[in-house]
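> So that you have it, the file is entry-v1.txt, and it contains compact mmCIF, C-alpha atoms:
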# COMPACT_ATOMS: atom_id res chain seq x y z
CA MET T 17 0.00 0.00 0.00
CA GLY T 18 1.78 3.13 -0.97
CA SER T 19 1.98 6.67 -2.18
CA SER T 20 5.40 8.31 -2.24
CA GLY T 21 6.94 5.34 -0.48
CA GLY T 22 5.27 2.00 -0.07
CA ASN T 23 6.15 -1.48 1.04
CA ALA T 24 7.60 -4.10 -1.29
CA LEU T 25 5.72 -7.41 -1.33
CA GLY T 26 6.53 -10.76 -2.85
CA VAL T 27 3.67 -12.77 -4.37
CA ILE T 28 4.27 -16.36 -5.47
CA PRO T 29 1.29 -17.07 -7.75
CA ASP T 30 1.33 -20.87 -7.41
CA SER T 31 2.78 -22.66 -4.37
CA THR T 32 2.14 -26.17 -5.71
CA GLY T 33 4.86 -28.52 -4.47
CA LEU T 34 6.27 -26.13 -1.87
CA ALA T 35 6.49 -27.28 1.74
CA SER T 36 6.33 -24.82 4.62
CA GLY T 37 10.11 -24.87 4.95
CA ASP T 38 10.49 -24.02 1.26
CA MET T 39 8.16 -21.04 1.66
CA GLN T 40 10.06 -19.76 4.68
CA ARG T 41 13.37 -20.09 2.85
CA ILE T 42 12.04 -18.19 -0.19
CA ALA T 43 10.63 -15.44 2.03
CA ALA T 44 13.99 -15.12 3.79
CA ASP T 45 15.86 -15.01 0.49
CA LEU T 46 13.57 -12.31 -0.93
CA GLY T 47 13.88 -10.28 2.25
CA PHE T 48 10.59 -8.37 1.88
CA SER T 49 8.50 -7.53 4.93
CA GLU T 50 6.09 -10.21 3.70
CA THR T 51 5.88 -12.76 0.92
CA VAL T 52 2.57 -14.40 -0.03
CA PHE T 53 2.18 -17.91 -1.44
CA ILE T 54 -1.06 -18.71 -3.30
CA ASP T 55 -2.46 -22.24 -3.13
CA TRP T 56 -4.98 -23.31 -5.79
CA ALA T 57 -5.54 -26.83 -4.40
CA THR T 58 -9.16 -26.02 -3.49
CA ALA T 59 -11.28 -25.04 -6.48
CA GLY T 60 -12.93 -21.63 -6.46
CA MET T 61 -10.99 -19.55 -3.94
CA PRO T 62 -7.24 -18.97 -3.66
CA ALA T 63 -5.76 -19.77 -0.26
CA LEU T 64 -2.93 -17.54 0.96
CA ARG T 65 -0.04 -18.17 3.31
CA ILE T 66 1.91 -15.13 4.50
CA PHE T 67 5.55 -15.22 5.60
CA THR T 68 7.97 -12.62 6.95
CA PRO T 69 11.68 -13.42 6.58
CA VAL T 70 11.51 -15.44 9.83
CA ALA T 71 7.89 -16.44 10.56
CA GLU T 72 4.46 -17.26 9.15
CA LEU T 73 1.66 -14.82 9.98
CA PRO T 74 -2.04 -15.69 10.43
CA PHE T 75 -3.08 -12.22 9.25
CA ALA T 76 -1.43 -9.16 7.68
CA GLY T 77 -3.22 -6.39 5.80
CA HIS T 78 -0.57 -5.12 3.38
CA PRO T 79 -0.05 -8.58 1.79
CA LEU T 80 -3.81 -8.97 1.32
CA VAL T 81 -4.12 -5.71 -0.60
CA GLY T 82 -1.09 -6.52 -2.77
CA THR T 83 -2.24 -10.06 -3.51
CA ALA T 84 -5.78 -8.89 -4.31
CA TRP T 85 -4.28 -6.49 -6.88
CA VAL T 86 -2.19 -9.29 -8.42
CA LEU T 87 -5.18 -11.62 -8.66
CA ASN T 88 -7.47 -9.04 -10.23
CA HIS T 89 -5.04 -7.12 -12.47
CA LEU T 90 -2.76 -9.93 -13.61
CA GLY T 91 -5.33 -12.74 -13.41
CA PRO T 92 -7.25 -14.90 -13.02
CA GLY T 93 -9.49 -12.65 -10.87
CA SER T 94 -11.08 -13.36 -7.52
CA GLY T 95 -13.56 -11.65 -5.20
CA MET T 96 -12.54 -13.76 -2.20
CA MET T 97 -9.30 -15.04 -0.67
CA GLY T 98 -8.72 -17.48 2.16
CA ILE T 99 -6.21 -16.93 4.99
CA ALA T 100 -5.50 -18.79 8.23
CA ILE T 101 -8.18 -16.94 10.21
CA GLY T 102 -10.97 -16.99 7.61
CA GLU T 103 -12.17 -15.50 4.32
CA VAL T 104 -11.26 -12.07 2.93
CA GLY T 105 -13.49 -10.09 0.57
CA VAL T 106 -11.95 -8.07 -2.26
CA ARG T 107 -13.17 -5.07 -4.24
CA THR T 108 -11.66 -2.21 -6.24
CA ARG T 109 -12.80 1.41 -6.19
CA GLY T 110 -10.88 3.59 -8.64
CA ASP T 111 -7.20 2.86 -8.13
CA VAL T 112 -7.69 1.75 -4.51
CA VAL T 113 -7.88 -1.97 -3.75
CA TRP T 114 -10.00 -2.79 -0.70
CA VAL T 115 -9.97 -5.96 1.38
CA SER T 116 -12.37 -7.03 4.11
CA PRO T 117 -10.66 -9.31 6.66
CA PRO T 118 -12.77 -11.67 8.77
CA ALA T 119 -15.09 -9.65 11.02
CA VAL T 120 -13.96 -10.94 14.41
CA GLU T 121 -13.50 -9.37 17.81
CA ARG T 122 -9.95 -8.12 18.38
CA PRO T 123 -9.46 -7.86 22.14
CA VAL T 124 -8.13 -4.51 23.41
CA ARG T 125 -6.68 -3.82 26.86
CA GLU T 126 -5.41 -0.42 27.94
CA VAL T 127 -2.09 -0.72 29.74
CA ALA T 128 0.24 1.66 31.53
CA ALA T 129 2.08 4.02 29.20
CA SER T 130 5.24 2.83 30.94
CA GLN T 131 5.05 -0.38 28.88
CA ALA T 132 5.93 1.79 25.87
CA THR T 133 8.25 4.27 27.61
CA ALA T 134 10.35 1.29 28.73
CA LEU T 135 10.93 0.61 25.02
CA GLY T 136 12.09 4.17 24.30
CA VAL T 137 8.72 5.57 23.19
CA PRO T 138 7.41 8.77 24.86
CA ALA T 139 3.87 7.42 25.09
CA VAL T 140 0.94 9.25 26.66
CA ARG T 141 -1.37 6.21 26.42
CA ALA T 142 -0.89 2.57 25.41
CA TRP T 143 -2.96 -0.49 24.56
CA ARG T 144 -2.39 -4.19 23.88
CA VAL T 145 -4.43 -5.48 20.91
CA GLN T 146 -4.72 -9.07 19.66
CA VAL T 147 -5.15 -9.06 15.84
CA PRO T 148 -4.46 -12.08 16.53
CA SER T 149 -0.75 -11.19 16.81
CA ASP T 150 0.05 -9.34 20.04
CA PHE T 151 0.56 -5.64 19.25
CA LEU T 152 1.44 -2.79 21.59
CA LEU T 153 -0.05 0.51 20.37
CA ALA T 154 1.54 3.66 21.81
CA GLU T 155 -0.01 7.09 21.35
CA VAL T 156 2.47 9.97 21.49
CA ALA T 157 1.90 13.69 21.91
CA SER T 158 2.78 14.91 18.41
CA ALA T 159 3.60 13.90 14.85
CA ALA T 160 7.13 15.12 15.55
CA ASP T 161 7.37 12.49 18.30
CA VAL T 162 6.32 9.82 15.79
CA ILE T 163 9.10 10.87 13.42
CA ALA T 164 11.75 11.18 16.11
CA VAL T 165 11.10 7.94 17.97
CA GLN T 166 13.97 5.44 18.12
CA PRO T 167 12.73 2.44 20.09
CA ASP T 168 15.04 -0.13 21.63
CA LEU T 169 14.46 -2.91 19.10
CA ALA T 170 15.81 -5.66 21.34
CA ALA T 171 13.36 -4.57 24.04
CA VAL T 172 10.53 -4.38 21.51
CA ALA T 173 11.27 -7.95 20.38
CA GLY T 174 10.96 -9.10 23.98
CA ALA T 175 7.75 -7.18 24.63
CA ALA T 176 5.36 -7.76 21.70
CA ASP T 177 4.94 -9.12 18.19
CA GLY T 178 4.76 -5.53 16.97
CA LEU T 179 4.89 -1.94 18.22
CA SER T 180 2.78 0.77 16.59
CA VAL T 181 3.58 4.39 17.46
CA PHE T 182 0.89 6.86 16.37
CA HIS T 183 -0.55 10.34 16.75
CA GLY T 184 -3.56 12.31 15.60
CA GLU T 185 -6.29 12.08 13.00
CA ALA T 186 -6.85 13.40 9.46
CA PRO T 187 -4.33 11.90 8.97
CA THR T 188 -3.07 9.59 11.68
CA ARG T 189 0.73 9.52 11.55
CA SER T 190 2.34 6.23 12.48
CA ARG T 191 5.38 3.99 12.45
CA PHE T 192 5.55 0.25 13.10
CA PHE T 193 8.33 -1.96 14.44
CA ALA T 194 8.31 -5.78 14.55
CA PRO T 195 11.81 -7.16 15.19
CA ARG T 196 10.38 -10.31 16.80
CA ILE T 197 9.09 -11.42 13.37
CA GLY T 198 12.12 -10.22 11.42
CA ILE T 199 11.00 -6.68 10.50
CA ASP T 200 12.87 -3.91 12.31
CA GLU T 201 10.58 -1.26 10.80
CA ASP T 202 7.70 -1.93 8.43
CA PRO T 203 6.76 0.71 5.83
CA ALA T 204 3.03 -0.17 5.69
CA THR T 205 1.10 -2.30 8.17
CA GLY T 206 -2.57 -3.02 7.59
CA SER T 207 -2.85 -5.18 10.70
CA ALA T 208 -1.69 -2.21 12.80
CA ALA T 209 -4.43 -0.11 11.19
CA VAL T 210 -6.94 -2.81 12.14
CA ALA T 211 -5.60 -2.65 15.71
CA LEU T 212 -6.04 1.15 15.66
CA ALA T 213 -9.69 0.71 14.65
CA ALA T 214 -10.15 -1.66 17.60
CA VAL T 215 -8.66 0.93 19.96
CA ARG T 216 -10.94 3.66 18.62
CA ARG T 217 -13.94 1.38 19.13
CA THR T 218 -12.82 0.91 22.73
CA LEU T 219 -12.72 4.70 23.08
CA GLY T 220 -16.36 4.95 21.96
CA ARG T 221 -16.25 5.28 18.17
CA ASP T 222 -18.09 2.18 17.03
CA ALA T 223 -17.81 3.21 13.37
CA GLY T 224 -15.51 5.52 11.47
CA THR T 225 -12.91 6.13 8.81
CA ALA T 226 -9.23 7.01 8.95
CA ARG T 227 -6.29 7.75 6.71
CA VAL T 228 -3.06 6.40 8.17
CA VAL T 229 0.21 7.85 6.87
CA GLN T 230 2.99 5.52 7.95
CA GLY T 231 6.75 5.84 7.89
CA LEU T 232 9.33 8.61 7.68
CA PRO T 233 9.25 11.73 5.47
CA GLY T 234 10.46 10.88 1.99
CA SER T 235 9.21 7.30 2.22
CA LEU T 236 5.59 7.32 3.30
CA SER T 237 2.78 4.81 2.84
CA GLU T 238 -0.92 5.61 2.97
CA ILE T 239 -3.51 3.19 4.33
CA HIS T 240 -7.26 3.75 4.03
CA LEU T 241 -9.32 2.36 6.90
CA THR T 242 -13.02 2.05 7.64
CA TRP T 243 -14.73 0.17 10.44
CA ASP T 244 -18.26 -0.56 11.63
CA GLY T 245 -18.30 -2.65 14.75
CA VAL T 246 -15.93 -5.58 14.26
CA ALA T 247 -16.13 -5.26 10.45
CA VAL T 248 -13.03 -3.54 9.07
CA ASP T 249 -12.02 -2.63 5.51
CA LEU T 250 -8.46 -1.80 4.44
CA GLY T 251 -7.53 -0.01 1.22
CA GLY T 252 -4.37 0.93 -0.60
CA THR T 253 -2.85 1.47 -4.01
CA VAL T 254 -0.46 -1.00 -5.62
CA VAL T 255 2.27 -0.64 -8.25
CA LYS T 256 3.81 -3.57 -10.09
CA ASP T 257 7.57 -3.56 -9.59
CA GLU T 258 9.25 -6.55 -11.23
CA VAL T 259 8.83 -10.21 -12.06
CA ARG T 260 11.44 -12.67 -10.84
CA VAL T 261 11.93 -16.33 -11.70
CA LEU T 262 12.80 -18.43 -8.67
CA ASP T 263 15.46 -21.10 -8.98
CA ASP T 264 14.47 -24.69 -8.24
Could you render the structure from this file as structure tokens?

Amino acid sequence: MGSSGGNALGVIPDSTGLASGDMQRIAADLGFSETVFIDWATAGMPALRIFTPVAELPFAGHPLVGTAWVLNHLGPGSGMMGIAIGEVGVRTRGDVVWVSPPAVERPVREVAASQATALGVPAVRAWRVQVPSDFLLAEVASAADVIAVQPDLAAVAGAADGLSVFHGEAPTRSRFFAPRIGIDEDPATGSAAVALAAVRRTLGRDAGTARVVQGLPGSLSEIHLTWDGVAVDLGGTVVKDEVRVLDD
């Protein structure tokens, strides 16, 4: 999902014959934040598996948007995709690709801001959100604080699957760090946007929209977000980069 920056994604269009270890090795070799493997073994709906360089993820938003674009712009087309936690709807509106992850409750628990300050983040409030990965969301006092933050990555890896630092609305500025799963800083994180929607529901906004601008100046990604209860939609634009042929 990107504008002036973006987040590179690998999409393997047919994973026939690949074992889990093969997929993890390919994802590590490519080195992208995520690589998606599409399985066509079940007729009708492509099944996706999502890997970082070091781990498989049950859910991640950026790979869903990118894979939906591949399926519907390069073929063969699909209005649904399957992931580990359920089915994902797909639609396109203009140049924005939208995905609808499974509408499930994502538990939110407000925690002491010290959980984030201990990681080097000057948080004013903090929450733990299960998406189902365990994320720590830290709200800071200004967009300048988002840009300036330099968390202790070793401490982050010990504390949560991912750390989202954010501020404000229209847009929400954010950065995301996930060293535990092999991503020191991620340029675009749809699952963190889903976690943000869960936090805003907890704060009393049962429905809403948001535009999340993630990353550092000069390399920014833009994520579109809507939610209504537990139903969440994620949107982003996609640009084809290159086609690679993998060695046997």
> Might you pull out every residue within 12 Å of Ala170 in chain T, with only C-alpha atoms counted and same-chain residues fewer than 6 positions away left off, and present them as a ChimeraX atom specification?
/T:134-136,176-179,193-200
> Store the residues picked out above in a file with C-alpha atoms, as an mmCIF file, keeping the file's coordinate frame.

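Heads up, here's the output in part-v3.cif:
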data_model
loop_
_atom_site.group_PDB
_atom_site.id
_atom_site.type_symbol
_atom_site.label_atom_id
_atom_site.label_comp_id
_atom_site.auth_asym_id
_atom_site.auth_seq_id
_atom_site.Cartn_x
_atom_site.Cartn_y
_atom_site.Cartn_z
ATOM 1 C CA ALA T 134 10.350 1.290 28.730
ATOM 2 C CA LEU T 135 10.930 0.610 25.020
ATOM 3 C CA GLY T 136 12.090 4.170 24.300
ATOM 4 C CA ALA T 176 5.360 -7.760 21.700
ATOM 5 C CA ASP T 177 4.940 -9.120 18.190
ATOM 6 C CA GLY T 178 4.760 -5.530 16.970
ATOM 7 C CA LEU T 179 4.890 -1.940 18.220
ATOM 8 C CA PHE T 193 8.330 -1.960 14.440
ATOM 9 C CA ALA T 194 8.310 -5.780 14.550
ATOM 10 C CA PRO T 195 11.810 -7.160 15.190
ATOM 11 C CA ARG T 196 10.380 -10.310 16.800
ATOM 12 C CA ILE T 197 9.090 -11.420 13.370
ATOM 13 C CA GLY T 198 12.120 -10.220 11.420
ATOM 14 C CA ILE T 199 11.000 -6.680 10.500
ATOM 15 C CA ASP T 200 12.870 -3.910 12.310
#
> Go through T:His89, T:Ala214, T:Val261, T:Met39 and flag the residue nearest Glu126 in chain T, using all atoms listed in the file for the distances.
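Checking each of T:His89, T:Ala214, T:Val261, T:Met39 against Glu126 in chain T, counting all atoms listed in the file, the winner is T:Ala214.
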> Using only C-alpha atoms, find the one residue out of T:Leu153, T:Trp56, T:Gly47, T:Thr205 that sits nearest to Leu80 in chain T.
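Between T:Leu153, T:Trp56, T:Gly47, T:Thr205, the residue approaching Leu80 in chain T most closely is T:Thr205.
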> Measure the distance from CA of Trp114 in chain T to CA of Gly231 in chain T in Å and round it to one decimal.
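We find that CA of Trp114 in chain T and CA of Gly231 in chain T lie 20.7 Å from each other.
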> Using only C-alpha atoms, find the one residue out of T:Asp249, T:Gly26, T:Ala57, T:Ala119 that sits nearest to Val86 in chain T.
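Among the listed residues, T:Gly26 lies closest to Val86 in chain T.
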